Amino acid sequence: METGAERRGSRRFTMALPMTLRKTGSNAGERKAETRDVSFRGLYFITENGVEVGSEIEFVLTLPKQITLATDVHIHCTGLVVRVEPQDGRTGVAAQIERYEFMPQS
């Protein structure tokens with residue numbers, strides 16, 4: 001039987017990055033969240049309000065200048081929620097990244 005590490009197609013990096021989140025196509029406001037780990041194909045993040053497995057989401061990750069060694073970089077992504085679990089009174093969410101693009105700097 002495969003373990004989670006064996007099924008992963010790309011390496012995960014433990015990073016606490018700020019992000020904003022909303023359901024795709026929703027007029028509901030954005031929520032704040034923070035990543036726990038990130039890979040090229042997916043991420044795990046913690047948020048106050050959960051989303052449902054199977055939900056399509058949009059989110060913006062912010063790579064701070066301490067990582068990029070230049071300016072903050074914002075990455076707009078779309079994804080699919082694949083797992084939701086309670087995390088110390090908050091919600092942990094695993095999502096598959098389906099598309100991403102770097103946002104222009106303002």
# chains A, B, ... in the order shown; residues from 1 in each chain; ligands from 1
call {"tool": "residues_around", "arguments": {"residues": "A:Cys77", "least_positions_apart": "5", "cutoff": "6 Å", "atoms": "only C-alpha atoms", "output": "list in words"}}
result
Glu58, Phe59, Arg99 and Tyr100 of chain A
call {"tool": "write_last_selection", "arguments": {"atoms": "N, CA and C atoms", "output": "mmCIF file, in the first residue's frame"}}
result
data_model
loop_
_atom_site.group_PDB
_atom_site.id
_atom_site.type_symbol
_atom_site.label_atom_id
_atom_site.label_comp_id
_atom_site.auth_asym_id
_atom_site.auth_seq_id
_atom_site.Cartn_x
_atom_site.Cartn_y
_atom_site.Cartn_z
ATOM 1 N N GLU A 58 -10.519 29.791 -5.588
ATOM 2 C CA GLU A 58 -9.509 30.706 -6.099
ATOM 3 C C GLU A 58 -8.761 31.232 -4.894
ATOM 4 N N PHE A 59 -7.461 31.409 -5.033
ATOM 5 C CA PHE A 59 -6.693 31.951 -3.927
ATOM 6 C C PHE A 59 -5.468 32.677 -4.448
ATOM 7 N N ARG A 99 -4.395 25.649 -11.754
ATOM 8 C CA ARG A 99 -3.858 26.703 -12.615
ATOM 9 C C ARG A 99 -3.271 27.801 -11.749
ATOM 10 N N TYR A 100 -2.206 28.425 -12.220
ATOM 11 C CA TYR A 100 -1.654 29.563 -11.495
ATOM 12 C C TYR A 100 -1.063 30.578 -12.467
#
call {"tool": "select_by_dssp", "arguments": {"residues": "chain A", "states": "strand (DSSP E)", "output": "number ranges by chain"}}
result
A: 13-14, 18-23, 31-38, 42-47, 56-63, 73-87, 90-102
call {"tool": "atom_distance", "arguments": {"atom1": "atom CA of A:Arg31", "atom2": "atom CA of A:Ser10"}}
result
27.2 Å
call {"tool": "residues_around", "arguments": {"residues": "A:Ser39", "least_positions_apart": "3", "cutoff": "12 Å", "atoms": "only C-alpha atoms", "output": "list in words"}}
result
Arg8, Gly9, Ser10, Arg11, Arg12, Phe13, Thr14, Met15, Thr35, Arg36, Gly42, Leu43, Tyr44, Phe45, Ala94, Ala95, Gln96 and Ile97 of chain A
call {"tool": "write_last_selection", "arguments": {"atoms": "N, CA, C and O atoms", "output": "tab-separated table (two decimals), in the first residue's frame"}}
result
chain	number	residue	atom	x	y	z
A	8	ARG	N	2.76	11.36	-3.75
A	8	ARG	CA	3.02	12.74	-4.16
A	8	ARG	C	3.97	12.78	-5.34
A	8	ARG	O	5.00	12.12	-5.36
A	9	GLY	N	3.61	13.61	-6.32
A	9	GLY	CA	4.42	13.72	-7.50
A	9	GLY	C	5.44	14.83	-7.42
A	9	GLY	O	6.30	14.95	-8.28
A	10	SER	N	5.35	15.68	-6.40
A	10	SER	CA	6.31	16.76	-6.25
A	10	SER	C	6.57	17.01	-4.77
A	10	SER	O	5.75	16.70	-3.91
A	11	ARG	N	7.73	17.55	-4.50
A	11	ARG	CA	8.16	17.79	-3.13
A	11	ARG	C	7.35	18.90	-2.47
A	11	ARG	O	7.04	19.91	-3.08
A	12	ARG	N	7.01	18.69	-1.20
A	12	ARG	CA	6.29	19.72	-0.43
A	12	ARG	C	7.27	20.48	0.44
A	12	ARG	O	8.22	19.92	0.96
A	13	PHE	N	7.00	21.78	0.58
A	13	PHE	CA	7.83	22.65	1.40
A	13	PHE	C	6.98	23.22	2.52
A	13	PHE	O	5.89	23.74	2.27
A	14	THR	N	7.45	23.11	3.74
A	14	THR	CA	6.75	23.68	4.88
A	14	THR	C	6.94	25.19	4.84
A	14	THR	O	8.06	25.68	4.93
A	15	MET	N	5.83	25.91	4.66
A	15	MET	CA	5.87	27.37	4.56
A	15	MET	C	4.59	27.95	5.12
A	15	MET	O	3.50	27.51	4.74
A	35	THR	N	-0.88	29.15	4.62
A	35	THR	CA	-0.43	27.84	4.19
A	35	THR	C	0.33	27.14	5.31
A	35	THR	O	0.93	27.78	6.17
A	36	ARG	N	0.29	25.83	5.29
A	36	ARG	CA	1.14	25.01	6.17
A	36	ARG	C	2.25	24.39	5.34
A	36	ARG	O	3.39	24.34	5.75
A	42	GLY	N	-0.01	21.26	-5.27
A	42	GLY	CA	-1.04	21.40	-4.24
A	42	GLY	C	-0.54	22.12	-3.01
A	42	GLY	O	0.61	22.51	-2.93
A	43	LEU	N	-1.44	22.29	-2.05
A	43	LEU	CA	-1.08	22.95	-0.81
A	43	LEU	C	-2.04	22.51	0.29
A	43	LEU	O	-3.09	21.94	0.03
A	44	TYR	N	-1.60	22.76	1.51
A	44	TYR	CA	-2.43	22.54	2.69
A	44	TYR	C	-2.46	23.87	3.41
A	44	TYR	O	-1.41	24.48	3.63
A	45	PHE	N	-3.66	24.34	3.76
A	45	PHE	CA	-3.76	25.62	4.43
A	45	PHE	C	-4.76	25.54	5.57
A	45	PHE	O	-5.60	24.65	5.65
A	94	ALA	N	-6.76	20.61	2.27
A	94	ALA	CA	-5.81	20.19	1.24
A	94	ALA	C	-6.46	20.48	-0.11
A	94	ALA	O	-7.62	20.14	-0.33
A	95	ALA	N	-5.71	21.14	-0.98
A	95	ALA	CA	-6.25	21.50	-2.30
A	95	ALA	C	-5.23	21.19	-3.39
A	95	ALA	O	-4.03	21.34	-3.18
A	96	GLN	N	-5.75	20.76	-4.50
A	96	GLN	CA	-4.95	20.51	-5.69
A	96	GLN	C	-4.92	21.81	-6.49
A	96	GLN	O	-5.96	22.44	-6.71
A	97	ILE	N	-3.74	22.25	-6.92
A	97	ILE	CA	-3.62	23.45	-7.74
A	97	ILE	C	-3.84	23.05	-9.19
A	97	ILE	O	-3.16	22.18	-9.72
call {"tool": "closest_residue", "arguments": {"among": "A:Gly50, A:Gly25, A:His76, A:Gln87", "to": "A:Thr62", "atoms": "only C-alpha atoms"}}
result
A:His76
call {"tool": "residues_around", "arguments": {"residues": "A:Leu21", "least_positions_apart": "6", "cutoff": "9 Å", "atoms": "only C-alpha atoms", "output": "list in words"}}
result
Gly29, Glu30, Arg31, Lys32, Ala33, Thr47, Ile57, Glu58, Phe59 and Val60 of chain A
call {"tool": "write_last_selection", "arguments": {"atoms": "N, CA, C and O atoms", "output": "short mmCIF file (atom, residue, chain, number, x, y, z; two decimals), in the first residue's frame"}}
result
data_model
loop_
_atom_site.label_atom_id
_atom_site.label_comp_id
_atom_site.auth_asym_id
_atom_site.auth_seq_id
_atom_site.Cartn_x
_atom_site.Cartn_y
_atom_site.Cartn_z
N GLY A 29 -17.35 37.31 0.13
CA GLY A 29 -16.07 37.97 0.34
C GLY A 29 -14.91 37.01 0.49
O GLY A 29 -15.07 35.83 0.74
N GLU A 30 -13.74 37.57 0.33
CA GLU A 30 -12.52 36.79 0.50
C GLU A 30 -12.26 36.51 1.97
O GLU A 30 -12.65 37.29 2.83
N ARG A 31 -11.61 35.40 2.24
CA ARG A 31 -11.21 35.04 3.60
C ARG A 31 -9.70 34.97 3.66
O ARG A 31 -9.04 34.68 2.68
N LYS A 32 -9.19 35.20 4.83
CA LYS A 32 -7.76 35.07 5.07
C LYS A 32 -7.45 33.63 5.43
O LYS A 32 -8.26 32.95 6.07
N ALA A 33 -6.29 33.17 5.04
CA ALA A 33 -5.83 31.83 5.38
C ALA A 33 -4.31 31.87 5.42
O ALA A 33 -3.70 32.90 5.08
N THR A 47 -7.66 27.76 7.73
CA THR A 47 -8.57 28.90 7.62
C THR A 47 -9.59 28.83 8.75
O THR A 47 -9.78 27.79 9.37
N ILE A 57 -11.97 26.49 -5.85
CA ILE A 57 -11.57 27.69 -5.13
C ILE A 57 -10.59 28.52 -5.94
O ILE A 57 -9.95 28.02 -6.86
N GLU A 58 -10.52 29.79 -5.59
CA GLU A 58 -9.51 30.71 -6.10
C GLU A 58 -8.76 31.23 -4.89
O GLU A 58 -9.36 31.49 -3.85
N PHE A 59 -7.46 31.41 -5.03
CA PHE A 59 -6.69 31.95 -3.93
C PHE A 59 -5.47 32.68 -4.45
O PHE A 59 -5.03 32.46 -5.57
N VAL A 60 -4.98 33.59 -3.63
CA VAL A 60 -3.77 34.33 -3.95
C VAL A 60 -2.76 34.06 -2.85
O VAL A 60 -3.02 34.32 -1.68
#
call {"tool": "residues_around", "arguments": {"residues": "stretch 64-72 of chain A", "least_positions_apart": "2", "cutoff": "12 Å", "atoms": "only C-alpha atoms", "output": "PyMOL selection string"}}
result
chain A and resi 15-19+61-62+74-75+102-106
call {"tool": "select_by_dssp", "arguments": {"residues": "stretch 1-92 of chain A", "states": "alpha helix (DSSP H)", "output": "PyMOL selection string"}}
result
chain A and resi 4-7+65-68
call {"tool": "atom_distance", "arguments": {"atom1": "atom CA of A:Ala28", "atom2": "atom CA of A:Glu101"}}
result
22.2 Å
